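S.K.: Next comes the structure file query.tsv, holding TSV, C-alpha atoms.
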chain	number	residue	atom	x	y	z
A	1	MET	CA	0.00	0.00	0.00
A	2	ASN	CA	1.49	3.35	-0.97
A	3	ARG	CA	1.81	6.32	1.36
A	4	LYS	CA	-1.09	8.37	0.04
A	5	ASN	CA	-3.57	5.53	0.38
A	6	TYR	CA	-2.28	4.78	3.86
A	7	ILE	CA	-2.99	8.41	4.79
A	8	LEU	CA	-6.44	8.23	3.19
A	9	ILE	CA	-7.41	5.08	5.04
A	10	SER	CA	-6.06	6.51	8.32
A	11	LEU	CA	-8.20	9.62	7.86
A	12	LEU	CA	-11.28	7.59	7.00
A	13	CYS	CA	-10.81	5.39	10.05
A	14	LEU	CA	-10.47	8.46	12.26
A	15	LEU	CA	-13.62	10.01	10.82
A	16	SER	CA	-15.58	6.78	11.01
A	17	SER	CA	-14.67	6.33	14.65
A	18	PHE	CA	-16.35	9.65	15.37
A	19	VAL	CA	-19.43	9.30	13.19
A	20	PHE	CA	-20.56	5.75	13.85
A	21	ALA	CA	-22.14	4.89	17.16
A	22	LYS	CA	-21.10	2.37	19.78
A	23	ARG	CA	-23.26	1.15	22.61
A	24	LEU	CA	-23.33	-1.36	25.45
A	25	ASP	CA	-25.57	-4.40	25.12
A	26	ASP	CA	-28.28	-5.01	27.73
A	27	SER	CA	-25.99	-7.16	29.90
A	28	GLY	CA	-23.25	-4.53	29.98
A	29	ASN	CA	-20.69	-7.16	28.98
A	30	TYR	CA	-20.20	-6.12	25.37
A	31	LEU	CA	-19.61	-2.89	23.49
A	32	VAL	CA	-21.33	-3.39	20.15
A	33	ARG	CA	-22.23	-1.59	16.96
A	34	TYR	CA	-25.51	-2.26	15.16
A	35	GLN	CA	-25.21	-2.20	11.40
A	36	GLY	CA	-28.55	-2.90	9.76
A	37	ASP	CA	-28.97	-6.66	9.87
A	38	GLU	CA	-25.58	-7.28	11.51
A	39	VAL	CA	-23.87	-6.69	14.86
A	40	VAL	CA	-20.17	-5.99	15.36
A	41	ILE	CA	-18.64	-6.74	18.78
A	42	LEU	CA	-16.09	-4.02	19.55
A	43	GLU	CA	-15.08	-5.14	23.02
A	44	CYS	CA	-15.89	-7.73	25.66
A	45	TYR	CA	-15.86	-6.25	29.17
A	46	ILE	CA	-15.78	-9.61	30.97
A	47	LYS	CA	-12.53	-9.18	32.88
A	48	ASP	CA	-10.02	-11.96	33.58
A	49	ALA	CA	-12.31	-14.67	32.20
A	50	GLU	CA	-11.05	-18.20	31.51
A	51	THR	CA	-13.98	-19.07	29.23
A	52	ILE	CA	-16.01	-16.75	27.02
A	53	GLN	CA	-19.00	-17.85	24.98
A	54	VAL	CA	-19.79	-15.15	22.48
A	55	PRO	CA	-23.54	-14.56	22.01
A	56	GLU	CA	-24.98	-15.47	18.64
A	57	THR	CA	-27.28	-12.45	18.54
A	58	PHE	CA	-28.04	-9.11	20.18
A	59	LYS	CA	-31.63	-7.93	19.90
A	60	ASN	CA	-32.20	-10.94	17.62
A	61	ILE	CA	-29.64	-9.59	15.15
A	62	PRO	CA	-26.71	-11.93	14.35
A	63	VAL	CA	-23.14	-11.19	15.38
A	64	THR	CA	-21.11	-11.26	12.17
A	65	ARG	CA	-17.85	-9.52	13.13
A	66	ILE	CA	-15.60	-9.24	16.15
A	67	ALA	CA	-13.12	-6.36	16.20
A	68	SER	CA	-9.43	-6.32	17.03
A	69	GLY	CA	-8.74	-6.12	20.76
A	70	ALA	CA	-12.22	-7.33	21.68
A	71	PHE	CA	-10.88	-9.75	24.32
A	72	LYS	CA	-8.09	-7.61	25.77
A	73	SER	CA	-9.75	-7.57	29.21
A	74	SER	CA	-8.95	-11.29	29.53
A	75	ILE	CA	-5.71	-11.45	27.60
A	76	ASN	CA	-3.78	-13.02	30.50
A	77	THR	CA	-6.44	-15.53	31.58
A	78	LEU	CA	-8.43	-16.63	28.55
A	79	GLN	CA	-8.30	-20.38	27.88
A	80	THR	CA	-11.44	-21.20	25.89
A	81	VAL	CA	-13.49	-19.15	23.43
A	82	VAL	CA	-16.71	-20.33	21.80
A	83	LEU	CA	-17.59	-18.36	18.68
A	84	PRO	CA	-21.03	-18.57	17.07
A	85	ASP	CA	-21.40	-19.83	13.50
A	86	THR	CA	-22.76	-16.43	12.51
A	87	VAL	CA	-19.30	-14.82	12.70
A	88	LYS	CA	-17.87	-14.09	9.26
A	89	GLU	CA	-14.95	-11.83	10.13
A	90	LEU	CA	-12.39	-11.46	12.94
A	91	GLY	CA	-10.22	-8.42	13.56
A	92	ALA	CA	-6.45	-8.48	13.14
A	93	GLY	CA	-4.58	-9.75	16.21
A	94	ILE	CA	-7.83	-10.68	17.90
A	95	PHE	CA	-6.26	-13.36	20.16
A	96	SER	CA	-2.66	-12.16	19.93
A	97	ASP	CA	-0.66	-12.72	23.15
A	98	CYS	CA	-3.42	-14.80	24.77
A	99	THR	CA	-0.72	-17.12	26.06
A	100	LYS	CA	-3.13	-19.40	27.95
A	101	LEU	CA	-5.58	-19.91	25.10
A	102	LYS	CA	-6.03	-23.62	24.40
A	103	ASN	CA	-9.43	-24.03	22.76
A	104	VAL	CA	-11.18	-21.97	20.11
A	105	ASN	CA	-13.54	-23.00	17.36
A	106	ILE	CA	-13.30	-21.36	13.95
A	107	PRO	CA	-16.82	-20.75	12.59
A	108	ALA	CA	-17.71	-22.47	9.33
A	109	SER	CA	-18.62	-19.11	7.80
A	110	LEU	CA	-15.16	-17.57	8.28
A	111	VAL	CA	-13.20	-16.94	5.07
A	112	ARG	CA	-10.00	-15.40	6.47
A	113	ILE	CA	-7.74	-15.92	9.48
A	114	PRO	CA	-6.60	-12.30	9.93
A	115	GLU	CA	-3.09	-11.02	10.44
A	116	SER	CA	-1.54	-11.99	13.81
A	117	ALA	CA	-4.87	-13.53	14.90
A	118	PHE	CA	-3.20	-16.14	17.14
A	119	SER	CA	0.37	-14.86	17.31
A	120	ASN	CA	2.12	-15.85	20.52
A	121	CYS	CA	-0.73	-18.11	21.65
A	122	SER	CA	1.85	-20.41	23.15
A	123	SER	CA	-0.65	-22.81	24.77
A	124	LEU	CA	-2.59	-23.52	21.56
A	125	GLU	CA	-1.93	-27.14	20.53
A	126	SER	CA	-4.39	-27.73	17.69
A	127	ILE	CA	-6.96	-25.93	15.62
A	128	LYS	CA	-9.43	-27.07	12.98
A	129	LEU	CA	-9.75	-24.76	10.01
A	130	PRO	CA	-13.09	-24.76	8.16
A	131	GLU	CA	-13.58	-25.67	4.51
A	132	SER	CA	-14.88	-22.14	3.93
A	133	LEU	CA	-11.44	-20.63	4.55
A	134	MET	CA	-9.81	-18.68	1.71
A	135	ALA	CA	-6.81	-16.99	3.34
A	136	ILE	CA	-4.44	-17.34	6.28
A	137	ASP	CA	-2.83	-13.94	6.72
A	138	SER	CA	0.69	-13.00	7.75
A	139	TYR	CA	1.77	-13.99	11.28
A	140	ALA	CA	-1.62	-15.64	11.87
A	141	PHE	CA	-0.08	-18.43	14.01
A	142	PHE	CA	3.33	-16.90	14.60
A	143	LYS	CA	5.07	-18.18	17.76
A	144	CYS	CA	2.37	-20.76	18.50
A	145	THR	CA	5.11	-22.86	20.01
A	146	ASN	CA	2.86	-25.79	20.94
A	147	LEU	CA	0.85	-25.93	17.70
A	148	LYS	CA	2.02	-29.17	16.11
A	149	THR	CA	-0.64	-30.09	13.58
A	150	VAL	CA	-2.81	-28.05	11.26
A	151	ASN	CA	-5.07	-28.91	8.35
A	152	ILE	CA	-4.97	-26.61	5.33
A	153	PRO	CA	-8.34	-26.90	3.53
A	154	TYR	CA	-8.31	-27.15	-0.25
A	155	SER	CA	-10.31	-23.92	-0.33
A	156	VAL	CA	-7.36	-21.83	0.92
A	157	ARG	CA	-5.93	-19.56	-1.78
A	158	VAL	CA	-3.02	-18.00	0.10
A	159	ILE	CA	-0.90	-18.40	3.22
A	160	GLY	CA	0.92	-15.22	4.22
A	161	GLU	CA	4.45	-14.53	5.35
A	162	ASN	CA	5.47	-16.03	8.70
A	163	ALA	CA	1.95	-17.41	9.11
A	164	PHE	CA	3.26	-20.51	10.93
A	165	LYS	CA	6.78	-19.31	11.62
A	166	ALA	CA	8.22	-20.17	15.05
A	167	SER	CA	5.41	-22.68	15.59
A	168	ALA	CA	5.76	-26.41	16.25
A	169	VAL	CA	4.07	-27.46	12.99
A	170	ASP	CA	6.38	-30.10	11.55
A	171	GLU	CA	4.31	-31.60	8.71
A	172	VAL	CA	1.63	-30.11	6.52
A	173	PHE	CA	-0.12	-30.99	3.26
A	174	ILE	CA	-0.41	-28.11	0.78
A	175	ALA	CA	-3.10	-28.56	-1.85
A	176	ARG	CA	-2.12	-27.57	-5.37
A	177	PRO	CA	-4.29	-24.40	-5.46
A	178	THR	CA	-2.78	-22.98	-2.26
A	179	HIS	CA	-0.17	-20.26	-2.80
A	180	ILE	CA	2.33	-19.78	0.02
A	181	GLU	CA	5.06	-17.35	1.00
A	182	PHE	CA	8.54	-18.82	0.96
A	183	ASN	CA	8.73	-18.20	4.73
A	184	SER	CA	5.18	-19.20	5.70
A	185	PHE	CA	6.54	-22.21	7.64
A	186	GLU	CA	9.74	-23.11	9.42
A	187	ARG	CA	12.39	-24.46	7.07
A	188	GLU	CA	12.48	-27.67	9.11
A	189	ALA	CA	8.76	-28.33	8.54
A	190	LEU	CA	8.09	-31.09	6.02
A	191	LEU	CA	5.71	-29.87	3.33
A	192	TYR	CA	3.81	-32.25	1.08
A	193	VAL	CA	3.42	-30.42	-2.21
A	194	PHE	CA	2.46	-31.13	-5.81
A	195	ARG	CA	5.17	-31.15	-8.44
A	196	ASP	CA	5.20	-27.93	-10.51
A	197	SER	CA	2.86	-26.19	-8.06
A	198	GLN	CA	3.50	-22.70	-6.71
A	199	ALA	CA	3.94	-24.16	-3.20
A	200	ALA	CA	6.68	-26.44	-4.52
A	201	SER	CA	8.48	-23.46	-6.07
A	202	ALA	CA	8.20	-21.49	-2.82
A	203	VAL	CA	9.59	-24.24	-0.60
A	204	ILE	CA	12.42	-24.93	-3.05
A	205	TYR	CA	13.25	-21.23	-3.05
A	206	ALA	CA	13.37	-21.29	0.76
A	207	ASP	CA	15.59	-24.39	0.73
A	208	GLY	CA	13.01	-26.12	2.90
A	209	GLU	CA	12.07	-29.77	3.25
A	210	TYR	CA	9.40	-31.18	0.98
A	211	LEU	CA	8.01	-34.35	-0.56
A	212	TYR	CA	6.09	-34.55	-3.80
A	213	VAL	CA	2.57	-35.87	-3.65
A	214	ASN	CA	1.77	-38.38	-6.38
A	215	GLU	CA	-0.55	-37.36	-9.16
A	216	GLY	CA	-4.11	-38.53	-8.59
A	217	VAL	CA	-4.04	-38.01	-4.84
A	218	ALA	CA	-7.03	-36.04	-3.53
A	219	GLY	CA	-6.34	-32.37	-3.84
A	220	ASP	CA	-4.57	-32.57	-7.18
A	221	ILE	CA	-6.94	-30.14	-8.85
A	222	ALA	CA	-6.54	-27.12	-11.09
A	223	ASP	CA	-5.11	-23.89	-9.69
A	224	TYR	CA	-7.59	-21.26	-8.58
A	225	ASP	CA	-7.32	-18.06	-10.58
A	226	ASP	CA	-8.62	-15.66	-7.92
A	227	TYR	CA	-5.92	-15.98	-5.25
A	228	GLN	CA	-4.66	-12.42	-5.79
A	229	LYS	CA	-7.67	-10.84	-4.09
A	230	TRP	CA	-7.07	-12.91	-0.96
A	231	GLY	CA	-3.51	-11.73	-0.54
A	232	GLY	CA	-4.29	-8.91	1.90
A	233	SER	CA	-2.95	-5.36	1.80
A	234	ARG	CA	0.21	-6.05	3.79
A	235	ASN	CA	1.20	-9.42	2.35
A	236	GLY	CA	3.76	-9.39	-0.47
A	237	TYR	CA	3.38	-12.97	-1.54
A	238	TYR	CA	6.27	-14.76	-3.22
A	239	LEU	CA	4.44	-16.54	-6.00
A	240	GLY	CA	7.26	-18.66	-7.35
A	241	ARG	CA	7.41	-19.63	-11.01
A	242	ALA	CA	6.47	-23.26	-11.38
A	243	GLU	CA	7.60	-24.97	-14.55
A	244	ASN	CA	5.21	-25.06	-17.51
A	245	VAL	CA	3.10	-22.23	-16.11
A	246	ASP	CA	2.66	-18.90	-17.90
A	247	ASP	CA	4.48	-16.08	-16.08
A	248	ASP	CA	1.49	-13.82	-16.65
A	249	TYR	CA	-0.43	-15.96	-14.18
A	250	TYR	CA	1.68	-14.81	-11.28
A	251	TYR	CA	1.33	-11.69	-9.20
A	252	ASP	CA	4.32	-9.66	-8.05
A	253	ASP	CA	3.63	-7.17	-5.26
A	254	ASN	CA	6.63	-5.11	-6.41
A	255	ASP	CA	5.18	-4.44	-9.87
A	256	ASP	CA	4.54	-0.77	-10.64
A	257	TYR	CA	0.84	-0.55	-11.38
A	258	GLU	CA	0.72	3.23	-11.51
A	259	GLU	CA	2.52	3.62	-14.85
A	260	GLU	CA	-0.75	3.41	-16.77
A	261	ASP	CA	-2.09	6.35	-14.73
A	262	GLU	CA	0.86	8.72	-15.20
A	263	ASP	CA	-1.02	10.91	-17.70
A	264	VAL	CA	-4.09	11.41	-15.52
A	265	PRO	CA	-4.22	15.13	-14.72
A	266	GLU	CA	-4.38	16.57	-11.23
A	267	VAL	CA	-7.66	17.96	-9.93
A	268	SER	CA	-7.74	21.67	-10.71
A	269	ALA	CA	-8.78	24.44	-8.35
A	270	GLU	CA	-11.79	25.10	-10.59
A	271	GLN	CA	-12.87	21.45	-10.42
A	272	LEU	CA	-12.55	21.46	-6.62
A	273	ALA	CA	-14.59	24.66	-6.31
A	274	THR	CA	-17.28	23.14	-8.54
A	275	LEU	CA	-17.30	19.99	-6.42
A	276	VAL	CA	-17.81	21.94	-3.17
A	277	LYS	CA	-20.73	23.83	-4.74
A	278	THR	CA	-22.21	20.52	-5.96
A	279	ILE	CA	-21.94	19.01	-2.48
A	280	ALA	CA	-23.72	21.99	-0.92
A	281	LYS	CA	-26.45	21.89	-3.57
A	282	ARG	CA	-27.05	18.16	-3.12
A	283	GLU	CA	-27.16	18.46	0.67
A	284	ASN	CA	-29.63	21.34	0.46
A	285	LEU	CA	-31.86	19.30	-1.86
A	286	GLY	CA	-31.58	16.18	0.29
A	287	TYR	CA	-30.08	14.20	-2.60
A	288	LYS	CA	-33.45	14.14	-4.36
A	289	GLY	CA	-33.36	12.33	-7.68
A	290	ILE	CA	-29.90	10.84	-7.02
A	291	ALA	CA	-29.36	7.13	-6.46
A	292	THR	CA	-27.34	6.93	-3.24
A	293	ASP	CA	-27.15	3.15	-2.82
A	294	GLY	CA	-23.99	2.80	-4.90
A	295	SER	CA	-25.78	1.63	-8.04
A	296	GLU	CA	-24.58	4.74	-9.88
A	297	GLY	CA	-21.34	5.24	-7.98
A	298	VAL	CA	-22.77	7.46	-5.22
A	299	TYR	CA	-22.83	6.18	-1.63
A	300	TYR	CA	-24.56	8.40	0.92
A	301	VAL	CA	-25.70	8.06	4.51
A	302	LYS	CA	-27.28	10.71	6.74
A	303	PHE	CA	-27.54	10.94	10.50
A	304	GLU	CA	-28.97	13.44	12.94
A	305	HIS	CA	-25.88	15.64	13.16
A	306	SER	CA	-23.75	14.45	10.26
A	307	SER	CA	-23.72	12.88	6.83
A	308	SER	CA	-21.17	11.12	4.65
A	309	CYS	CA	-20.85	10.57	0.93
A	310	ALA	CA	-18.40	8.77	-1.34
A	311	ASP	CA	-18.62	9.28	-5.08
A	312	THR	CA	-16.64	7.40	-7.73
A	313	SER	CA	-18.91	8.30	-10.66
A	314	GLY	CA	-17.54	11.69	-11.73
A	315	ASP	CA	-14.33	13.15	-13.11
A	316	PHE	CA	-12.42	12.16	-9.97
A	317	PRO	CA	-13.23	10.14	-6.82
A	318	TYR	CA	-13.91	11.84	-3.50
A	319	ILE	CA	-15.42	11.29	-0.08
A	320	TYR	CA	-16.72	13.92	2.31
A	321	TYR	CA	-17.97	14.21	5.88
A	322	LEU	CA	-20.44	16.90	6.95
A	323	LEU	CA	-20.28	17.38	10.72
A	324	GLU	CA	-22.18	19.80	12.93
A	325	GLY	CA	-19.74	21.50	15.28
A	326	THR	CA	-19.64	22.27	18.99
A	327	ASP	CA	-18.78	25.31	21.11
A	328	SER	CA	-15.08	24.82	20.36
A	329	VAL	CA	-15.22	23.42	16.80
A	330	PRO	CA	-17.01	25.00	13.81
A	331	ASN	CA	-19.38	23.14	11.53
A	332	LEU	CA	-17.18	21.17	9.14
A	333	LEU	CA	-17.38	20.01	5.56
A	334	TYR	CA	-14.28	17.89	5.09
A	335	VAL	CA	-13.53	16.66	1.56
A	336	VAL	CA	-10.85	14.12	0.60
A	337	PHE	CA	-10.21	13.74	-3.14
A	338	GLY	CA	-7.64	12.51	-5.64
A	339	ARG	CA	-6.83	12.04	-9.30
A	340	ASN	CA	-8.98	9.69	-11.37
A	341	THR	CA	-6.47	6.82	-11.24
A	342	SER	CA	-7.28	3.13	-10.95
A	343	ASP	CA	-5.45	3.05	-7.62
A	344	ASN	CA	-7.52	5.90	-6.18
A	345	LYS	CA	-10.80	4.54	-7.53
A	346	PHE	CA	-10.12	1.20	-5.87
A	347	VAL	CA	-9.45	2.71	-2.42
A	348	TYR	CA	-12.39	5.12	-2.63
A	349	SER	CA	-14.67	2.28	-3.70
A	350	MET	CA	-13.66	0.38	-0.55
A	351	ALA	CA	-14.45	3.45	1.56
A	352	ALA	CA	-17.74	3.92	-0.28
A	353	SER	CA	-18.85	0.36	0.36
A	354	SER	CA	-18.14	0.74	4.07
A	355	LEU	CA	-20.60	3.66	4.25
A	356	LEU	CA	-23.50	1.47	3.21
A	357	GLU	CA	-22.75	-0.97	6.03
A	358	THR	CA	-23.59	1.76	8.54
A	359	GLU	CA	-26.82	3.03	7.02
A	360	ASP	CA	-28.92	2.14	10.08
A	361	GLU	CA	-26.55	3.78	12.58
A	362	LYS	CA	-27.18	6.86	14.66
A	363	ASP	CA	-24.27	9.23	15.20
A	364	ILE	CA	-22.93	10.34	18.55
A	365	ARG	CA	-21.86	13.72	19.87
A	366	ASP	CA	-18.62	13.86	21.79
A	367	GLU	CA	-16.92	17.25	21.99
A	368	ASP	CA	-13.51	15.81	22.88
A	369	GLU	CA	-13.60	13.43	19.91
A	370	LEU	CA	-14.58	16.23	17.56
A	371	ASP	CA	-11.74	18.38	18.94
A	372	ASP	CA	-9.27	15.57	18.21
A	373	LEU	CA	-10.69	15.09	14.72
A	374	TYR	CA	-10.49	18.81	13.98
A	375	ASP	CA	-6.86	18.93	15.11
A	376	ALA	CA	-5.96	15.83	13.09
A	377	ILE	CA	-7.25	17.02	9.74
A	378	GLN	CA	-5.35	20.32	9.98
A	379	GLY	CA	-2.15	18.51	9.11
A	380	TYR	CA	-3.54	17.21	5.83
A	381	THR	CA	-5.56	20.13	4.46
A	382	ILE	CA	-4.57	22.12	1.40
A	383	ALA	CA	-4.62	25.91	1.10
A	384	TYR	CA	-8.07	25.95	-0.49
A	385	GLN	CA	-10.64	26.95	2.14
A	386	THR	CA	-14.08	28.46	1.87
A	387	LYS	CA	-17.48	28.49	3.54
A	388	VAL	CA	-20.80	27.10	2.34
A	389	SER	CA	-24.37	27.33	3.59
A	390	ILE	CA	-26.20	24.02	4.04
A	391	ASN	CA	-29.69	23.72	5.45
A	392	GLY	CA	-29.44	27.10	7.14
A	393	LEU	CA	-26.05	26.49	8.75
A	394	GLU	CA	-22.66	27.83	7.69
A	395	TYR	CA	-19.88	25.24	7.30
A	396	ASP	CA	-16.11	25.73	7.11
A	397	VAL	CA	-14.75	23.72	4.17
A	398	TYR	CA	-11.47	21.85	4.51
A	399	CYS	CA	-10.00	19.68	1.75
A	400	THR	CA	-7.26	17.08	1.43
A	401	ASP	CA	-5.67	16.22	-1.92
A	402	ILE	CA	-4.53	12.66	-1.39
A	403	ASP	CA	-2.08	12.93	-4.31
A	404	GLU	CA	-0.30	15.95	-2.88
A	405	ASP	CA	3.02	15.17	-1.16
Could you write out this file's structure as structure tokens?

M.R.:
Amino acid sequence: MNRKNYILISLLCLLSSFVFAKRLDDSGNYLVRYQGDEVVILECYIKDAETIQVPETFKNIPVTRIASGAFKSSINTLQTVVLPDTVKELGAGIFSDCTKLKNVNIPASLVRIPESAFSNCSSLESIKLPESLMAIDSYAFFKCTNLKTVNIPYSVRVIGENAFKASAVDEVFIARPTHIEFNSFEREALLYVFRDSQAASAVIYADGEYLYVNEGVAGDIADYDDYQKWGGSRNGYYLGRAENVDDDYYYDDNDDYEEEDEDVPEVSAEQLATLVKTIAKRENLGYKGIATDGSEGVYYVKFEHSSSCADTSGDFPYIYYLLEGTDSVPNLLYVVFGRNTSDNKFVYSMAASSLLETEDEKDIRDEDELDDLYDAIQGYTIAYQTKVSINGLEYDVYCTDIDED
């Protein structure tokens, strides 16, 4: 991920943390976020627990995601976790440093073991991975010093760097479709691989130990062609060149994909001024006559004291946040934009999709958080500043050009 997109995502995360509400469940044990027909668990407040059974629903709405750090209150005591089958996504490092963790079930609906999910879980001896799994991210089982056996389902597309490094895994079968980093496992681990597969190339490159699996053995099936999208933003996978395979099939994280976008012009001051006027006009009209569900590239959500919009349909992609101020912070219209490059459009599309996931939220008002947000965006704003009138209120306009150094 390049620097400008890292800055963009950091800003969006900061803004989202202010806009989207968090609340305690009825028991007071969980901080959750309601998102339409889903619930995200942000934190479990059960302190120093040995066993935690995560509820399947809150208010009859299924729990689908559990955020990073959700179990930090029991990091030194947690031994057993029971996750409901409704969970589809786990946050990065969710069980990291839970050194007493011995038992955890991986829900059948999970498609990714996130980065550092079980790193340094030194008491974990075994884990069953579901057939739904597509990716095992970097450092997922790093330093699991008692983890000796693991099954890699045929469904897995990629295994990230150091995923099982410094673990006790000594033998593992790698299905032909599974792409691995050269350092996914310890060099001393014995890998069963298919001749001419990417996994074979990777283990040979690492000078590791391997045995070829005979043709016809279960798992000897054609390579998947969609593994690239499961690689994760921080994983630079070594996709070794197997013999008799077209080089174009392989993905190199070091390739320069921006060359094709070199001639895309920068956003002019006139274009930016027109955009700000368009935003004010649309807000004043309540987005009447505009599809805001993403079907035409416009994603928009409105709350009591704020609204957010991402638009990838025009001459250049942008996202903005309209926030009513407090006694110490003015009303803000904050716009982040960039050139119409494929790289920018991809990142803004991700941000746009995330807006729709929060369409049933209610925003919160916290003066300290808004103060922090206001201070943070000052470091990224360009010289262009103006004021606009929206629904009878005057807003200070701040803008960030994500392509500006």

S.K.: Measuring atom to atom with all atoms listed in the file, identify which of A:Thr64, A:Ser184, A:Thr400, A:Ser201 is nearest to Gln35 of chain A.

M.R.: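 Among A:Thr64, A:Ser184, A:Thr400, A:Ser201, it is A:Thr64 that comes nearest to Gln35 of chain A.
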
S.K.: Interatomic distance between atom CA of Glu304 of chain A and atom CA of Leu323 of chain A?

M.R.: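 So the two atoms, atom CA of Glu304 of chain A and atom CA of Leu323 of chain A, lie 9.8 Å apart.
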
S.K.: Hey, what's within 12 Å of Thr278 of chain A if we count all atoms listed in the file and toss same-chain stuff fewer than 2 positions away? As a PyMOL selection string, please?

M.R.: chain A and resi 271-276+280-285+287+311+314+320+388-390

S.K.: Using all atoms listed in the file, what table do you get, as a Markdown table, when you list each residue of segment 261-335 of chain A with an atom no more than 12 Å from segment 371-384 of chain A, its nearest pair of atoms, and their distance in Å rounded to one decimal, rows by chain then rising number?

M.R.:
| residue | atom | partner | partner_atom | distance |
| --- | --- | --- | --- | --- |
| A:Ser268 | CA | A:Tyr384 | CA | 11.1 |
| A:Ala269 | CA | A:Tyr384 | CA | 8.0 |
| A:Glu270 | CA | A:Tyr384 | CA | 10.8 |
| A:Gln271 | CA | A:Tyr384 | CA | 11.9 |
| A:Leu272 | CA | A:Tyr384 | CA | 8.8 |
| A:Ala273 | CA | A:Tyr384 | CA | 8.8 |
| A:Val276 | CA | A:Tyr384 | CA | 10.9 |
| A:Tyr321 | CA | A:Leu373 | CA | 11.5 |
| A:Leu323 | CA | A:Tyr374 | CA | 10.4 |
| A:Glu324 | CA | A:Tyr374 | CA | 11.8 |
| A:Gly325 | CA | A:Asp371 | CA | 9.3 |
| A:Thr326 | CA | A:Asp371 | CA | 8.8 |
| A:Asp327 | CA | A:Asp371 | CA | 10.1 |
| A:Ser328 | CA | A:Asp371 | CA | 7.4 |
| A:Val329 | CA | A:Asp371 | CA | 6.5 |
| A:Pro330 | CA | A:Tyr374 | CA | 9.0 |
| A:Asn331 | CA | A:Tyr374 | CA | 10.2 |
| A:Leu332 | CA | A:Tyr374 | CA | 8.6 |
| A:Leu333 | CA | A:Tyr374 | CA | 10.9 |
| A:Tyr334 | CA | A:Ile377 | CA | 8.5 |
| A:Val335 | CA | A:Thr381 | CA | 9.2 |

S.K.: Quick one: residues within 6 Å of Thr178 of chain A, only C-alpha atoms, excluding same-chain residues fewer than 3 positions away - as a ChimeraX atom specification?

M.R.: /A:156-158,175

S.K.: Go ahead and compute the interatomic distance for atom CA of Cys121 of chain A and atom CA of Ser167 of chain A, in Å to one decimal.

M.R.: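 We find that atom CA of Cys121 of chain A and atom CA of Ser167 of chain A lie 9.8 Å from each other.
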
S.K.: Do you know which residues are at most 8 Å from Lys128 of chain A counting all atoms listed in the file, after dropping those on the same chain fewer than 5 positions away, and could you put them as a PyMOL selection string?

M.R.: chain A and resi 105-106+150-151

S.K.: Residues proximal to (-25.2, 6.7, -2.6) were defined as those with any atom within 9 Å of that point in the file's coordinates, counting only C-alpha atoms. Which are they, as a PyMOL selection string?

M.R.: chain A and resi 287+290-301+309-311+352+355-356

S.K.: Pick the closest to Lys387 of chain A from A:Leu90, A:Asp207, A:Pro62, A:Lys277: which is it, counting only C-alpha atoms?

M.R.: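 Ranked by minimum distance to Lys387 of chain A, first place goes to A:Lys277.
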
S.K.: Using all atoms listed in the file, find the one residue out of A:Ile52, A:Val82, A:Leu322, A:Ile94 that sits nearest to His305 of chain A.

M.R.: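 Counting all atoms listed in the file, the residue closest to His305 of chain A is A:Leu322.
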
S.K.: Any idea what the distance is between atom CA of Val172 of chain A and atom CA of Tyr154 of chain A?

M.R.: 12.4 Å

S.K.: May I have the residues within 12 Å of Ala49 of chain A as a list in words, using all atoms listed in the file and disregarding those fewer than 4 positions away in the same chain?

M.R.: Asn29, Cys44, Tyr45, Gln53, Phe71, Lys72, Ser73, Ser74, Ile75, Asn76, Thr77, Leu78, Gln79, Thr80, Val81, Cys98, Lys100 and Leu101 of chain A

S.K.: Find, counting all atoms listed in the file, the residue in A:Ser119, A:Gln385, A:Ser132, A:Thr149 that gets nearest to Pro107 of chain A.

M.R.: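 Between A:Ser119, A:Gln385, A:Ser132, A:Thr149, the residue approaching Pro107 of chain A most closely is A:Ser132.
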
S.K.: Write out as a PyMOL selection string which residues come within 8 Å of Ser123 of chain A when counting all atoms listed in the file, dropping same-chain ones fewer than 2 positions away.

M.R.: chain A and resi 99-102+121+125+144-147

S.K.: Could you tell me which of A:Ser96, A:Asn340, A:Thr86, A:Ser122 comes closest to Ile61 of chain A if we count only C-alpha atoms?

M.R.: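 Looking at the shortest contact to Ile61 of chain A, the residue is A:Thr86.
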
S.K.: Kindly indicate which residue among A:Ser138, A:Glu186, A:Leu110, A:Gly69 lies nearest to Leu83 of chain A, using only C-alpha atoms for the distances.

M.R.: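 Closest to Leu83 of chain A, using only C-alpha atoms: A:Leu110.
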